[in-house]
Amino acid sequence: MNTDPAPAPAIAVTPAVDPAVADRRVIVALDFDDRRAAEALVERLGDACGSYKIGLELLVSAGPGLVRDLVERGHEVFLDLKLFEIPNSVAGAVRAAGALGASMVTVHAMGGTGIMSAAVEAAREFPRLRVLALTVVTSMTGSDLADIGVDAGTEEQVLRLARLAVGAGCDGVVASPREAGVLRELLGPDRLVVTPGVTLGPEAAEGRAGVKGRRGAVGFGGTAGGHARPGTPRAAFAAGASHVVVGRSVSRAADPLAALRRVVRAAG
């Protein structure tokens with residue numbers, strides 16, 4: 001009788017993403033609170049998606065290993081940390097993001113030139129890592145800015161912070177689709193303009209978004225996911241966005257792959 005132990009089953013390895021198949025300008029947000037749900041969406045989208053966003057909720061829940069795994073499988077990872085700390089701490093976090101293999105990391109432009117410059121300097125060790133300055137969070141309105149003592153409207157504040165980001169050497173900015181056009185005019189053709197708050201809803205197409213109150217914007221599936229200044233992928237790209245970030249319109253769709261393909265078609 002053969003008493004040798006049975007061989008361990010082979011581990012299935014997902015092939016690397018084919019860059020010719022996936023449009024890396026379309027970033028799918030993994031806005032989940034556990035790793036299994038995020039991985040289920042990644043498996044379902046397969047090589048149709050080349051870029052994912054991981055924010056604080058999933059990073060804290062799943063740990064940094066998920067970032068490494070996605071990078072090893074050929075995906076780009078937008079690590080949306082929204083860093084707003086003393087410059088030394090920001091630099092350390094950026095180096096950690098670079099070591100994980102992230103392609104993009106965010107720092108709050110409202111933190112000023114010091115923390116943005118620290119982030120840019122730390123990223124020099126990682127040629128693939130791009131530092132993006134978050135201007136005005138897409139859930140904020142002019143009323144929210146007034147609450148914290150900012151007299152400017154959202155577009156004026158976005159442009160002011162974008163100028164600071166350019167001076168600090170950032171690779172690009174994050175803002176809503178509604179500011180993509182003025183940002184492209186300001187930043188020129190080379191810097192990145194990354195736009196969250198993208199939905200597939202007809203209301204967002206004309207920039208109306210069916211706003212109810214200050215935060216209840218209605219879009220695809222009855223919500224714009226908490227974004228007060230949403231827009232469609234087609235409008236965002238037409239205005240000059242380099243990348244769009246799409247969340248619930250894909251992740252909560254009955255057919256996420258079909259929804260993603262709609263976004264990619266809008267990219268042109």
# chains A, B, ... in the order shown; residues from 1 in each chain; ligands from 1
>>> residues_around(residues="A:Val173", least_positions_apart="6", cutoff="7 Å", atoms="only C-alpha atoms", output="list of chain:residue names")
A:Leu132, A:Ala133, A:Leu134, A:Thr135, A:Ala162, A:Leu192, A:Val193, A:Val194
>>> closest_residue(among="A:Leu66, A:Met110, A:Val166, A:Ala119", to="A:Leu145", atoms="only C-alpha atoms")
A:Met110
>>> closest_residue(among="A:Asp23, A:Asp171, A:Glu76, A:Glu179", to="A:Ala239", atoms="only C-alpha atoms")
A:Glu179
>>> residues_around(residues="A:His243", least_positions_apart="5", cutoff="12 Å", atoms="only C-alpha atoms", output="PyMOL selection string")
chain A and resi 23-28+51-53+78+104+132+172-177+180+191-198+233-238+263-264+266-267
>>> select_by_dssp(residues="stretch 63-111 of chain A", states="strand (DSSP E or B)", output="list in words")
Glu76, Val77, Phe78, Leu79, Asp80, Leu81, Lys82, Leu83, Met104, Val105, Thr106, Val107 and His108 of chain A
>>> atom_distance(atom1="atom CA of A:Val137", atom2="atom CA of A:Ser117")
20.2 Å
>>> atom_distance(atom1="atom CA of A:Leu30", atom2="atom CA of A:Leu187")
28.2 Å
>>> residues_around(residues="A:Thr154", least_positions_apart="5", cutoff="9 Å", atoms="only C-alpha atoms", output="list in words")
Val136, Met140, Thr141, Gly142, Leu145, Leu159 and Glu179 of chain A
>>> write_last_selection(atoms="N, CA and C atoms", output="compact mmCIF listing (two decimals), in the first residue's frame")
# COMPACT_ATOMS: atom_id res chain seq x y z
N VAL A 136 -11.04 69.27 -3.48
CA VAL A 136 -12.23 69.34 -2.63
C VAL A 136 -12.97 68.01 -2.76
N MET A 140 -18.49 67.32 -0.88
CA MET A 140 -18.61 68.67 -0.32
C MET A 140 -19.27 69.64 -1.30
N THR A 141 -19.99 70.60 -0.72
CA THR A 141 -20.62 71.68 -1.48
C THR A 141 -20.05 73.01 -0.98
N GLY A 142 -20.52 74.09 -1.59
CA GLY A 142 -20.11 75.39 -1.12
C GLY A 142 -20.49 75.64 0.32
N LEU A 145 -17.92 74.06 2.56
CA LEU A 145 -16.70 74.87 2.63
C LEU A 145 -16.90 76.06 3.56
N LEU A 159 -9.48 75.03 -7.93
CA LEU A 159 -8.42 75.63 -8.73
C LEU A 159 -7.30 76.18 -7.85
N GLU A 179 -15.38 69.65 -12.39
CA GLU A 179 -14.22 70.55 -12.48
C GLU A 179 -13.18 70.07 -13.48
